[in-house]
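See below for entry-v2.cif, which holds mmCIF, C-alpha atoms and all ligand atoms; chains and numbers go by the auth columns.
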data_input
loop_
_atom_site.group_PDB
_atom_site.id
_atom_site.type_symbol
_atom_site.label_atom_id
_atom_site.label_comp_id
_atom_site.label_asym_id
_atom_site.label_seq_id
_atom_site.Cartn_x
_atom_site.Cartn_y
_atom_site.Cartn_z
_atom_site.B_iso_or_equiv
_atom_site.auth_seq_id
_atom_site.auth_asym_id
ATOM 1 C CA MET A 1 -26.358 -57.695 61.568 0.00 1265 A
ATOM 2 C CA THR A 2 -28.537 -59.330 64.216 0.00 1266 A
ATOM 3 C CA SER A 3 -31.186 -61.790 63.140 0.00 1267 A
ATOM 4 C CA LEU A 4 -34.089 -59.484 64.034 0.00 1268 A
ATOM 5 C CA SER A 5 -32.449 -56.712 62.093 0.00 1269 A
ATOM 6 C CA ALA A 6 -32.016 -59.093 59.134 0.00 1270 A
ATOM 7 C CA LYS A 7 -35.693 -60.077 59.312 0.00 1271 A
ATOM 8 C CA LEU A 8 -36.715 -56.436 59.466 0.00 1272 A
ATOM 9 C CA GLN A 9 -34.614 -55.687 56.380 0.00 1273 A
ATOM 10 C CA ALA A 10 -36.162 -58.672 54.573 0.00 1274 A
ATOM 11 C CA VAL A 11 -39.686 -57.428 55.342 0.00 1275 A
ATOM 12 C CA LEU A 12 -38.803 -53.904 54.199 0.00 1276 A
ATOM 13 C CA ALA A 13 -37.389 -55.369 50.982 0.00 1277 A
ATOM 14 C CA GLN A 14 -40.556 -57.426 50.485 0.00 1278 A
ATOM 15 C CA ILE A 15 -42.704 -54.318 50.975 0.00 1279 A
ATOM 16 C CA ALA A 16 -40.618 -52.338 48.493 0.00 1280 A
ATOM 17 C CA GLY A 17 -40.722 -55.199 45.987 0.00 1281 A
ATOM 18 C CA ALA A 18 -44.492 -55.559 46.289 0.00 1282 A
ATOM 19 C CA ALA A 19 -44.938 -51.819 45.782 0.00 1283 A
ATOM 20 C CA ARG A 20 -42.705 -51.682 42.701 0.00 1284 A
ATOM 21 C CA GLN A 21 -44.439 -54.741 41.295 0.00 1285 A
ATOM 22 C CA CYS A 22 -47.654 -52.764 40.998 0.00 1286 A
ATOM 23 C CA GLY A 23 -46.087 -49.451 40.038 0.00 1287 A
ATOM 24 C CA ARG A 24 -46.336 -47.841 43.476 0.00 1288 A
ATOM 25 C CA ASP A 25 -43.702 -45.800 45.283 0.00 1289 A
ATOM 26 C CA PRO A 26 -42.227 -47.989 48.071 0.00 1290 A
ATOM 27 C CA GLY A 27 -42.127 -44.871 50.241 0.00 1291 A
ATOM 28 C CA ASP A 28 -45.940 -44.814 50.236 0.00 1292 A
ATOM 29 C CA VAL A 29 -46.201 -47.994 52.306 0.00 1293 A
ATOM 30 C CA ARG A 30 -45.284 -47.714 55.979 0.00 1294 A
ATOM 31 C CA LEU A 31 -44.456 -50.612 58.244 0.00 1295 A
ATOM 32 C CA VAL A 32 -45.905 -50.999 61.718 0.00 1296 A
ATOM 33 C CA ALA A 33 -43.912 -53.729 63.481 0.00 1297 A
ATOM 34 C CA VAL A 34 -46.374 -55.710 65.597 0.00 1298 A
ATOM 35 C CA SER A 35 -44.543 -56.481 68.823 0.00 1299 A
ATOM 36 C CA LYS A 36 -47.375 -57.912 70.950 0.00 1300 A
ATOM 37 C CA THR A 37 -46.170 -60.749 73.201 0.00 1301 A
ATOM 38 C CA TRP A 38 -42.501 -59.961 72.429 0.00 1302 A
ATOM 39 C CA PRO A 39 -40.249 -58.583 75.171 0.00 1303 A
ATOM 40 C CA VAL A 40 -38.702 -55.143 75.333 0.00 1304 A
ATOM 41 C CA ALA A 41 -35.272 -56.474 74.354 0.00 1305 A
ATOM 42 C CA CYS A 42 -36.644 -57.593 70.966 0.00 1306 A
ATOM 43 C CA ILE A 43 -38.358 -54.268 70.364 0.00 1307 A
ATOM 44 C CA ARG A 44 -35.185 -52.390 71.248 0.00 1308 A
ATOM 45 C CA GLU A 45 -33.219 -54.466 68.763 0.00 1309 A
ATOM 46 C CA VAL A 46 -35.692 -53.744 65.963 0.00 1310 A
ATOM 47 C CA ALA A 47 -35.853 -50.075 66.931 0.00 1311 A
ATOM 48 C CA LEU A 48 -32.070 -49.771 66.870 0.00 1312 A
ATOM 49 C CA ALA A 49 -32.185 -51.247 63.362 0.00 1313 A
ATOM 50 C CA GLY A 50 -34.229 -48.207 62.347 0.00 1314 A
ATOM 51 C CA GLN A 51 -37.879 -49.146 62.887 0.00 1315 A
ATOM 52 C CA THR A 52 -39.909 -46.459 64.702 0.00 1316 A
ATOM 53 C CA SER A 53 -43.569 -47.601 64.551 0.00 1317 A
ATOM 54 C CA PHE A 54 -44.730 -50.478 66.748 0.00 1318 A
ATOM 55 C CA GLY A 55 -48.140 -52.118 67.114 0.00 1319 A
ATOM 56 C CA GLU A 56 -49.550 -53.601 70.311 0.00 1320 A
ATOM 57 C CA SER A 57 -52.854 -55.346 71.127 0.00 1321 A
ATOM 58 C CA PHE A 58 -52.899 -55.343 74.922 0.00 1322 A
ATOM 59 C CA VAL A 59 -52.965 -52.060 76.802 0.00 1323 A
ATOM 60 C CA GLN A 60 -51.102 -52.910 79.989 0.00 1324 A
ATOM 61 C CA GLU A 61 -48.410 -54.865 78.162 0.00 1325 A
ATOM 62 C CA ALA A 62 -47.898 -51.917 75.828 0.00 1326 A
ATOM 63 C CA LEU A 63 -47.664 -49.377 78.661 0.00 1327 A
ATOM 64 C CA ASP A 64 -44.963 -51.397 80.382 0.00 1328 A
ATOM 65 C CA LYS A 65 -42.954 -51.501 77.169 0.00 1329 A
ATOM 66 C CA MET A 66 -43.394 -47.789 76.455 0.00 1330 A
ATOM 67 C CA ASP A 67 -42.140 -47.048 79.925 0.00 1331 A
ATOM 68 C CA GLN A 68 -38.942 -48.979 79.357 0.00 1332 A
ATOM 69 C CA LEU A 69 -38.373 -47.594 75.868 0.00 1333 A
ATOM 70 C CA ARG A 70 -39.046 -43.882 76.521 0.00 1334 A
ATOM 71 C CA SER A 71 -35.590 -42.830 75.396 0.00 1335 A
ATOM 72 C CA LEU A 72 -36.125 -44.191 71.859 0.00 1336 A
ATOM 73 C CA ALA A 73 -38.956 -41.867 70.716 0.00 1337 A
ATOM 74 C CA LEU A 74 -41.061 -44.590 69.098 0.00 1338 A
ATOM 75 C CA ASP A 75 -44.624 -44.227 67.887 0.00 1339 A
ATOM 76 C CA TRP A 76 -47.163 -46.657 69.246 0.00 1340 A
ATOM 77 C CA HIS A 77 -50.152 -48.066 67.387 0.00 1341 A
ATOM 78 C CA PHE A 78 -52.989 -49.793 69.219 0.00 1342 A
ATOM 79 C CA ILE A 79 -54.413 -52.580 67.030 0.00 1343 A
ATOM 80 C CA GLY A 80 -56.345 -54.660 69.579 0.00 1344 A
ATOM 81 C CA SER A 81 -59.972 -54.776 70.602 0.00 1345 A
ATOM 82 C CA LEU A 82 -61.203 -51.763 72.514 0.00 1346 A
ATOM 83 C CA GLN A 83 -62.780 -51.692 75.946 0.00 1347 A
ATOM 84 C CA SER A 84 -64.417 -48.613 77.426 0.00 1348 A
ATOM 85 C CA ASN A 85 -62.479 -48.861 80.650 0.00 1349 A
ATOM 86 C CA LYS A 86 -59.143 -48.665 78.803 0.00 1350 A
ATOM 87 C CA THR A 87 -59.794 -45.653 76.603 0.00 1351 A
ATOM 88 C CA ARG A 88 -58.114 -43.146 78.938 0.00 1352 A
ATOM 89 C CA LEU A 89 -54.853 -45.095 78.911 0.00 1353 A
ATOM 90 C CA LEU A 90 -55.018 -45.269 75.118 0.00 1354 A
ATOM 91 C CA ALA A 91 -55.821 -41.584 74.736 0.00 1355 A
ATOM 92 C CA GLU A 92 -52.949 -40.611 77.006 0.00 1356 A
ATOM 93 C CA ASN A 93 -50.272 -42.907 75.655 0.00 1357 A
ATOM 94 C CA PHE A 94 -50.728 -43.958 72.054 0.00 1358 A
ATOM 95 C CA ASN A 95 -50.141 -42.150 68.754 0.00 1359 A
ATOM 96 C CA TRP A 96 -52.618 -44.249 66.792 0.00 1360 A
ATOM 97 C CA VAL A 97 -55.668 -46.447 67.381 0.00 1361 A
ATOM 98 C CA HIS A 98 -56.475 -48.623 64.347 0.00 1362 A
ATOM 99 C CA SER A 99 -59.456 -50.488 65.727 0.00 1363 A
ATOM 100 C CA ILE A 100 -62.320 -48.012 66.195 0.00 1364 A
ATOM 101 C CA ASP A 101 -65.554 -49.972 65.736 0.00 1365 A
ATOM 102 C CA ARG A 102 -68.139 -47.938 67.621 0.00 1366 A
ATOM 103 C CA LEU A 103 -68.841 -44.280 68.162 0.00 1367 A
ATOM 104 C CA ARG A 104 -68.993 -44.439 71.950 0.00 1368 A
ATOM 105 C CA ILE A 105 -65.350 -45.531 72.111 0.00 1369 A
ATOM 106 C CA ALA A 106 -64.285 -42.773 69.729 0.00 1370 A
ATOM 107 C CA GLU A 107 -66.176 -40.206 71.811 0.00 1371 A
ATOM 108 C CA ARG A 108 -64.403 -41.340 74.963 0.00 1372 A
ATOM 109 C CA LEU A 109 -61.012 -41.159 73.228 0.00 1373 A
ATOM 110 C CA ALA A 110 -61.848 -37.637 72.015 0.00 1374 A
ATOM 111 C CA GLU A 111 -62.859 -36.535 75.531 0.00 1375 A
ATOM 112 C CA GLN A 112 -59.822 -38.117 77.124 0.00 1376 A
ATOM 113 C CA ARG A 113 -57.088 -37.114 74.663 0.00 1377 A
ATOM 114 C CA PRO A 114 -54.909 -34.620 76.565 0.00 1378 A
ATOM 115 C CA ALA A 115 -54.840 -31.132 75.062 0.00 1379 A
ATOM 116 C CA SER A 116 -51.053 -31.161 75.342 0.00 1380 A
ATOM 117 C CA LEU A 117 -50.784 -33.941 72.748 0.00 1381 A
ATOM 118 C CA PRO A 118 -51.440 -33.794 68.996 0.00 1382 A
ATOM 119 C CA PRO A 119 -54.760 -35.291 67.862 0.00 1383 A
ATOM 120 C CA LEU A 120 -54.914 -39.074 68.184 0.00 1384 A
ATOM 121 C CA SER A 121 -54.736 -40.677 64.739 0.00 1385 A
ATOM 122 C CA VAL A 122 -57.495 -43.254 64.320 0.00 1386 A
ATOM 123 C CA CYS A 123 -58.791 -45.725 61.769 0.00 1387 A
ATOM 124 C CA VAL A 124 -62.214 -47.317 61.597 0.00 1388 A
ATOM 125 C CA GLN A 125 -61.905 -51.099 61.618 0.00 1389 A
ATOM 126 C CA VAL A 126 -64.096 -52.877 59.082 0.00 1390 A
ATOM 127 C CA ASN A 127 -65.204 -56.501 59.299 0.00 1391 A
ATOM 128 C CA VAL A 128 -64.619 -57.202 55.605 0.00 1392 A
ATOM 129 C CA SER A 129 -65.096 -60.965 55.753 0.00 1393 A
ATOM 130 C CA GLY A 130 -68.253 -60.984 57.866 0.00 1394 A
ATOM 131 C CA GLU A 131 -66.754 -63.262 60.505 0.00 1395 A
ATOM 132 C CA ALA A 132 -68.658 -63.189 63.785 0.00 1396 A
ATOM 133 C CA SER A 133 -65.427 -63.629 65.743 0.00 1397 A
ATOM 134 C CA LYS A 134 -63.718 -60.570 64.248 0.00 1398 A
ATOM 135 C CA GLY A 135 -63.925 -56.994 65.387 0.00 1399 A
ATOM 136 C CA GLY A 136 -64.937 -54.178 63.120 0.00 1400 A
ATOM 137 C CA VAL A 137 -68.035 -52.520 61.805 0.00 1401 A
ATOM 138 C CA SER A 138 -69.924 -53.986 58.855 0.00 1402 A
ATOM 139 C CA PRO A 139 -69.196 -52.381 55.461 0.00 1403 A
ATOM 140 C CA ALA A 140 -72.702 -50.901 55.338 0.00 1404 A
ATOM 141 C CA ASP A 141 -72.106 -49.036 58.607 0.00 1405 A
ATOM 142 C CA VAL A 142 -68.762 -47.526 57.611 0.00 1406 A
ATOM 143 C CA PRO A 143 -69.956 -44.203 56.122 0.00 1407 A
ATOM 144 C CA ALA A 144 -72.034 -43.158 59.147 0.00 1408 A
ATOM 145 C CA LEU A 145 -69.369 -44.144 61.668 0.00 1409 A
ATOM 146 C CA ALA A 146 -66.561 -42.526 59.662 0.00 1410 A
ATOM 147 C CA GLN A 147 -68.442 -39.227 59.328 0.00 1411 A
ATOM 148 C CA ALA A 148 -69.244 -39.180 63.042 0.00 1412 A
ATOM 149 C CA VAL A 149 -65.652 -39.975 64.061 0.00 1413 A
ATOM 150 C CA ALA A 150 -64.266 -37.384 61.652 0.00 1414 A
ATOM 151 C CA ALA A 151 -66.385 -34.719 63.364 0.00 1415 A
ATOM 152 C CA LEU A 152 -64.922 -35.374 66.846 0.00 1416 A
ATOM 153 C CA PRO A 153 -62.323 -33.040 68.355 0.00 1417 A
ATOM 154 C CA ASN A 154 -58.864 -34.279 69.384 0.00 1418 A
ATOM 155 C CA LEU A 155 -59.015 -37.190 66.965 0.00 1419 A
ATOM 156 C CA ARG A 156 -57.852 -37.298 63.377 0.00 1420 A
ATOM 157 C CA LEU A 157 -59.589 -39.923 61.268 0.00 1421 A
ATOM 158 C CA ARG A 158 -56.848 -41.261 58.983 0.00 1422 A
ATOM 159 C CA GLY A 159 -58.673 -44.095 57.208 0.00 1423 A
ATOM 160 C CA LEU A 160 -59.736 -47.718 57.462 0.00 1424 A
ATOM 161 C CA MET A 161 -58.274 -50.922 58.851 0.00 1425 A
ATOM 162 C CA ALA A 162 -59.170 -54.589 58.356 0.00 1426 A
ATOM 163 C CA VAL A 163 -58.070 -58.103 59.265 0.00 1427 A
ATOM 164 C CA PRO A 164 -59.645 -60.362 56.609 0.00 1428 A
ATOM 165 C CA ALA A 165 -60.258 -64.078 57.003 0.00 1429 A
ATOM 166 C CA ARG A 166 -57.049 -65.961 56.433 0.00 1430 A
ATOM 167 C CA SER A 167 -56.387 -67.254 52.961 0.00 1431 A
ATOM 168 C CA ASP A 168 -53.194 -68.444 51.313 0.00 1432 A
ATOM 169 C CA ALA A 169 -54.215 -67.746 47.709 0.00 1433 A
ATOM 170 C CA PHE A 170 -53.117 -64.393 46.346 0.00 1434 A
ATOM 171 C CA LEU A 171 -56.256 -63.568 44.334 0.00 1435 A
ATOM 172 C CA GLU A 172 -58.442 -64.649 47.210 0.00 1436 A
ATOM 173 C CA GLN A 173 -56.439 -62.464 49.580 0.00 1437 A
ATOM 174 C CA ARG A 174 -56.922 -59.446 47.349 0.00 1438 A
ATOM 175 C CA ARG A 175 -60.729 -59.496 47.370 0.00 1439 A
ATOM 176 C CA PRO A 176 -61.378 -58.237 50.934 0.00 1440 A
ATOM 177 C CA PHE A 177 -58.574 -55.693 50.579 0.00 1441 A
ATOM 178 C CA ARG A 178 -60.204 -54.410 47.398 0.00 1442 A
ATOM 179 C CA LEU A 179 -63.491 -54.036 49.265 0.00 1443 A
ATOM 180 C CA LEU A 180 -61.727 -51.998 51.953 0.00 1444 A
ATOM 181 C CA ARG A 181 -60.124 -49.787 49.304 0.00 1445 A
ATOM 182 C CA GLN A 182 -63.480 -49.195 47.622 0.00 1446 A
ATOM 183 C CA LEU A 183 -65.028 -48.174 50.945 0.00 1447 A
ATOM 184 C CA PHE A 184 -62.050 -45.854 51.493 0.00 1448 A
ATOM 185 C CA GLU A 185 -62.433 -44.266 48.062 0.00 1449 A
ATOM 186 C CA GLN A 186 -66.135 -43.771 48.658 0.00 1450 A
ATOM 187 C CA LEU A 187 -65.404 -41.886 51.881 0.00 1451 A
ATOM 188 C CA GLN A 188 -62.924 -39.700 50.009 0.00 1452 A
ATOM 189 C CA ALA A 189 -65.504 -39.046 47.314 0.00 1453 A
ATOM 190 C CA ASP A 190 -67.893 -38.040 50.102 0.00 1454 A
ATOM 191 C CA GLY A 191 -65.411 -35.385 51.191 0.00 1455 A
ATOM 192 C CA LEU A 192 -63.357 -36.938 53.997 0.00 1456 A
ATOM 193 C CA VAL A 193 -59.621 -36.255 53.853 0.00 1457 A
ATOM 194 C CA LEU A 194 -57.994 -39.633 54.512 0.00 1458 A
ATOM 195 C CA ASP A 195 -54.515 -41.032 53.913 0.00 1459 A
ATOM 196 C CA THR A 196 -54.421 -44.478 55.497 0.00 1460 A
ATOM 197 C CA LEU A 197 -55.426 -47.945 54.407 0.00 1461 A
ATOM 198 C CA SER A 198 -54.139 -50.146 57.233 0.00 1462 A
ATOM 199 C CA MET A 199 -54.204 -53.651 55.785 0.00 1463 A
ATOM 200 C CA GLY A 200 -51.834 -56.560 55.268 0.00 1464 A
ATOM 201 C CA MET A 201 -50.027 -58.786 57.769 0.00 1465 A
ATOM 202 C CA SER A 202 -47.137 -61.237 57.501 0.00 1466 A
ATOM 203 C CA HIS A 203 -48.955 -63.715 55.259 0.00 1467 A
ATOM 204 C CA ASP A 204 -50.842 -61.328 52.984 0.00 1468 A
ATOM 205 C CA LEU A 205 -48.907 -58.083 52.756 0.00 1469 A
ATOM 206 C CA ASP A 206 -48.194 -58.426 49.018 0.00 1470 A
ATOM 207 C CA ALA A 207 -51.911 -58.707 48.247 0.00 1471 A
ATOM 208 C CA ALA A 208 -52.683 -55.752 50.522 0.00 1472 A
ATOM 209 C CA ILE A 209 -50.055 -53.583 48.841 0.00 1473 A
ATOM 210 C CA ALA A 210 -51.401 -54.557 45.421 0.00 1474 A
ATOM 211 C CA GLU A 211 -54.789 -53.223 46.565 0.00 1475 A
ATOM 212 C CA GLY A 212 -53.410 -49.965 47.908 0.00 1476 A
ATOM 213 C CA ALA A 213 -52.304 -50.522 51.524 0.00 1477 A
ATOM 214 C CA THR A 214 -50.452 -47.517 52.952 0.00 1478 A
ATOM 215 C CA VAL A 215 -49.735 -49.216 56.286 0.00 1479 A
ATOM 216 C CA VAL A 216 -48.944 -52.901 56.753 0.00 1480 A
ATOM 217 C CA ARG A 217 -48.919 -54.395 60.245 0.00 1481 A
ATOM 218 C CA VAL A 218 -46.328 -57.150 60.411 0.00 1482 A
ATOM 219 C CA GLY A 219 -45.515 -59.253 63.463 0.00 1483 A
ATOM 220 C CA SER A 220 -44.387 -62.837 62.963 0.00 1484 A
ATOM 221 C CA ALA A 221 -42.344 -62.197 59.799 0.00 1485 A
ATOM 222 C CA ILE A 222 -40.107 -59.950 61.915 0.00 1486 A
ATOM 223 C CA PHE A 223 -40.239 -61.324 65.446 0.00 1487 A
ATOM 224 C CA GLY A 224 -41.064 -64.996 64.778 0.00 1488 A
ATOM 225 C CA GLU A 225 -44.133 -67.095 65.481 0.00 1489 A
ATOM 226 C CA ARG A 226 -46.029 -66.129 68.601 0.00 1490 A
ATOM 227 C CA HIS A 227 -46.732 -68.916 71.062 0.00 1491 A
ATOM 228 C CA LYS A 228 -50.418 -69.695 71.115 0.00 1492 A
ATOM 229 C CA ALA A 229 -51.997 -69.660 74.567 0.00 1493 A
HETATM 230 C C1 LIG B . -51.172 -59.720 65.491 0.00 1501 B
HETATM 231 C C2 LIG B . -51.724 -58.753 64.511 0.00 1501 B
HETATM 232 C C3 LIG B . -51.008 -58.410 63.351 0.00 1501 B
HETATM 233 C C4 LIG B . -49.695 -59.054 62.952 0.00 1501 B
HETATM 234 O O1 LIG B . -49.914 -60.366 62.526 0.00 1501 B
HETATM 235 P P1 LIG B . -48.734 -61.270 61.917 0.00 1501 B
HETATM 236 O O2 LIG B . -49.455 -62.370 61.268 0.00 1501 B
HETATM 237 O O3 LIG B . -47.913 -61.709 63.084 0.00 1501 B
HETATM 238 O O4 LIG B . -47.961 -60.419 60.988 0.00 1501 B
HETATM 239 C C5 LIG B . -51.552 -57.451 62.525 0.00 1501 B
HETATM 240 N N1 LIG B . -52.738 -56.861 62.802 0.00 1501 B
HETATM 241 C C6 LIG B . -53.445 -57.168 63.893 0.00 1501 B
HETATM 242 C C7 LIG B . -54.755 -56.487 64.141 0.00 1501 B
HETATM 243 C C8 LIG B . -52.977 -58.132 64.775 0.00 1501 B
HETATM 244 O O5 LIG B . -53.708 -58.445 65.861 0.00 1501 B
#

Take the structure I supplied and represent it as structure tokens, if you would.
Ligand SMILES: *Cc1c(COP(=O)(O)O)cnc(C)c1O
Amino acid sequence: MTSLSAKLQAVLAQIAGAARQCGRDPGDVRLVAVSKTWPVACIREVALAGQTSFGESFVQEALDKMDQLRSLALDWHFIGSLQSNKTRLLAENFNWVHSIDRLRIAERLAEQRPASLPPLSVCVQVNVSGEASKGGVSPADVPALAQAVAALPNLRLRGLMAVPARSDAFLEQRRPFRLLRQLFEQLQADGLVLDTLSMGMSHDLDAAIAEGATVVRVGSAIFGERHKA
């Protein structure tokens, strides 16, 4: 077993353990392997170990990788911040966009999603910790944005995504995830059909799973620490 494959297996075991710990079915938590900044060779290794979903934050970097990995039939999740001038590339090439934070961007994605492809799966990103530096819509603005996005053609609103402020204490980590889950449940109660709570990264995936995450986005625990620019 290669070391990346061993790290992938360890993360999958951690996810399954965290799910069982709180009485959830491990099969209800999917892993998106966040491969931003890592080269194609690393992604191929993880893909050959069985991982099919990969997350990227930079459009051009992701397109180059997709090009070189066509033969592997992977699904690609955009998790970075969105710019209007990149929406066409996203609409044409990705399976998911997790970081919708304004209607205008969602409208462009809906217009630009090719008819030949299935609807683009999207999540609304929520700024659960109120940090000025973080993307996402404020909790109070979630219902209006979610309803508007859900009404667009060629998109399928799957749920909510968040990147809370970093904390190393388990109970502290759970609080923003709980807020995201409550917002999610409110949308369901309001009639939206949703199946995705995209929350939890390398350092807080146990807390996210305890609060109901259905997708965790894990980079460094699989690929290693990214070099900071
Ligand atoms: C980089 C990134 C991740 C993965 O973070 P790790 O700490 O490396 O697991 C998850 N979600 C988003 C939005 C990211 O930008």

Name the residues that the PyMOL selection byres (((chain A and resi 1316-1328) around 9) and not hetatm) pulls out of this structure, and write them as a ChimeraX atom specification.
/A:1294-1301,1304,1307,1310-1312,1314-1315,1329-1333,1336-1345,1350,1353-1354,1357,1481-1483

Using only C-alpha atoms and all ligand atoms: which of A:Ala1282, A:Leu1421, A:Ala1414, A:Leu1346 has the shortest distance to ligand LIG 1501 (chain B)
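That would be A:Leu1346, the residue with the smallest distance to ligand LIG 1501 (chain B).
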
Any idea what the distance is between CA of Ala1412 in chain A and CA of Arg1368 in chain A?
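A separation of 10.3 Å between them.
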
Counting only C-alpha atoms, the residue of A:Ala1404, A:Leu1409, A:Ser1462, A:His1467 that sits nearest Glu1489 in chain A:
A:His1467

Students should find that CA of Ala1474 in chain A and CA of Arg1420 in chain A are spaced 25.7 Å

Please enumerate the residues selected by the PyMOL selection byres (((chain A and resi 1479) around 12) and not hetatm) when evaluated against the supplied file, formatted as a ChimeraX atom specification.
/A:1279,1283,1290-1298,1317-1319,1341,1360,1362,1387,1422-1426,1459-1465,1469-1470,1472-1473,1475-1478,1480-1482

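Of note, CA of Leu1451 in chain A and CA of Ala1410 in chain A are spaced 7.9 Å apart.
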
Considering all atoms listed in the file, state which residue in the set A:Ala1370, A:Asp1289, A:Leu1458, A:Val1275 is at the smallest distance from ligand LIG 1501 (chain B).
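Distance minimum relative to ligand LIG 1501 (chain B) lands on A:Val1275.
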
Take every atom of ligand LIG 1501 (chain B) listed in the file, fit an axis-aligned box around them, add 5 Å per side, and give the centre and edge lengths in Å to one decimal as JSON.
{"center_x": -51.3, "center_y": -59.4, "center_z": 63.4, "size_x": 16.8, "size_y": 15.9, "size_z": 14.9}

Among the residues A:Ala1471, A:Gln1437, A:Gly1399, A:Gln1446, the one that comes closest to ligand LIG 1501 (chain B) [using only C-alpha atoms and all ligand atoms]
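The shortest atom-to-atom distance to ligand LIG 1501 (chain B) comes from A:Gly1399.
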
Is it possible to add N, CA, C and O atoms to range 1439-1454 of chain A and hand it back as an mmCIF file, in the frame of the given file?
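That gives us result-v2.cif:
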data_model
loop_
_atom_site.group_PDB
_atom_site.id
_atom_site.type_symbol
_atom_site.label_atom_id
_atom_site.label_comp_id
_atom_site.auth_asym_id
_atom_site.auth_seq_id
_atom_site.Cartn_x
_atom_site.Cartn_y
_atom_site.Cartn_z
ATOM 1 N N ARG A 1439 -59.318 -59.891 47.424
ATOM 2 C CA ARG A 1439 -60.729 -59.496 47.370
ATOM 3 C C ARG A 1439 -61.177 -58.636 48.562
ATOM 4 O O ARG A 1439 -61.720 -57.556 48.356
ATOM 5 N N PRO A 1440 -60.959 -59.092 49.806
ATOM 6 C CA PRO A 1440 -61.378 -58.237 50.934
ATOM 7 C C PRO A 1440 -60.599 -56.919 51.005
ATOM 8 O O PRO A 1440 -61.150 -55.898 51.425
ATOM 9 N N PHE A 1441 -59.349 -56.941 50.582
ATOM 10 C CA PHE A 1441 -58.574 -55.693 50.579
ATOM 11 C C PHE A 1441 -59.149 -54.718 49.548
ATOM 12 O O PHE A 1441 -59.164 -53.504 49.760
ATOM 13 N N ARG A 1442 -59.604 -55.273 48.423
ATOM 14 C CA ARG A 1442 -60.204 -54.410 47.398
ATOM 15 C C ARG A 1442 -61.483 -53.771 47.934
ATOM 16 O O ARG A 1442 -61.743 -52.596 47.734
ATOM 17 N N LEU A 1443 -62.272 -54.578 48.655
ATOM 18 C CA LEU A 1443 -63.491 -54.036 49.265
ATOM 19 C C LEU A 1443 -63.149 -52.885 50.210
ATOM 20 O O LEU A 1443 -63.788 -51.829 50.190
ATOM 21 N N LEU A 1444 -62.108 -53.066 51.017
ATOM 22 C CA LEU A 1444 -61.727 -51.998 51.953
ATOM 23 C C LEU A 1444 -61.301 -50.743 51.182
ATOM 24 O O LEU A 1444 -61.668 -49.625 51.544
ATOM 25 N N ARG A 1445 -60.557 -50.949 50.097
ATOM 26 C CA ARG A 1445 -60.124 -49.787 49.304
ATOM 27 C C ARG A 1445 -61.323 -49.065 48.681
ATOM 28 O O ARG A 1445 -61.375 -47.835 48.647
ATOM 29 N N GLN A 1446 -62.297 -49.836 48.221
ATOM 30 C CA GLN A 1446 -63.480 -49.195 47.622
ATOM 31 C C GLN A 1446 -64.266 -48.389 48.660
ATOM 32 O O GLN A 1446 -64.733 -47.287 48.368
ATOM 33 N N LEU A 1447 -64.359 -48.923 49.871
ATOM 34 C CA LEU A 1447 -65.028 -48.174 50.945
ATOM 35 C C LEU A 1447 -64.268 -46.881 51.238
ATOM 36 O O LEU A 1447 -64.855 -45.815 51.432
ATOM 37 N N PHE A 1448 -62.942 -47.003 51.247
ATOM 38 C CA PHE A 1448 -62.050 -45.854 51.493
ATOM 39 C C PHE A 1448 -62.241 -44.782 50.412
ATOM 40 O O PHE A 1448 -62.407 -43.595 50.710
ATOM 41 N N GLU A 1449 -62.279 -45.228 49.169
ATOM 42 C CA GLU A 1449 -62.433 -44.266 48.062
ATOM 43 C C GLU A 1449 -63.806 -43.603 48.092
ATOM 44 O O GLU A 1449 -63.949 -42.430 47.748
ATOM 45 N N GLN A 1450 -64.802 -44.364 48.541
ATOM 46 C CA GLN A 1450 -66.135 -43.771 48.658
ATOM 47 C C GLN A 1450 -66.157 -42.667 49.707
ATOM 48 O O GLN A 1450 -66.742 -41.603 49.504
ATOM 49 N N LEU A 1451 -65.467 -42.916 50.828
ATOM 50 C CA LEU A 1451 -65.404 -41.886 51.881
ATOM 51 C C LEU A 1451 -64.697 -40.640 51.360
ATOM 52 O O LEU A 1451 -65.109 -39.504 51.647
ATOM 53 N N GLN A 1452 -63.629 -40.855 50.588
ATOM 54 C CA GLN A 1452 -62.924 -39.700 50.009
ATOM 55 C C GLN A 1452 -63.834 -38.937 49.055
ATOM 56 O O GLN A 1452 -63.884 -37.704 49.068
ATOM 57 N N ALA A 1453 -64.573 -39.694 48.254
ATOM 58 C CA ALA A 1453 -65.504 -39.046 47.314
ATOM 59 C C ALA A 1453 -66.583 -38.265 48.068
ATOM 60 O O ALA A 1453 -67.086 -37.243 47.589
ATOM 61 N N ASP A 1454 -66.903 -38.733 49.270
ATOM 62 C CA ASP A 1454 -67.893 -38.040 50.102
ATOM 63 C C ASP A 1454 -67.297 -36.846 50.848
ATOM 64 O O ASP A 1454 -67.979 -36.217 51.658
#
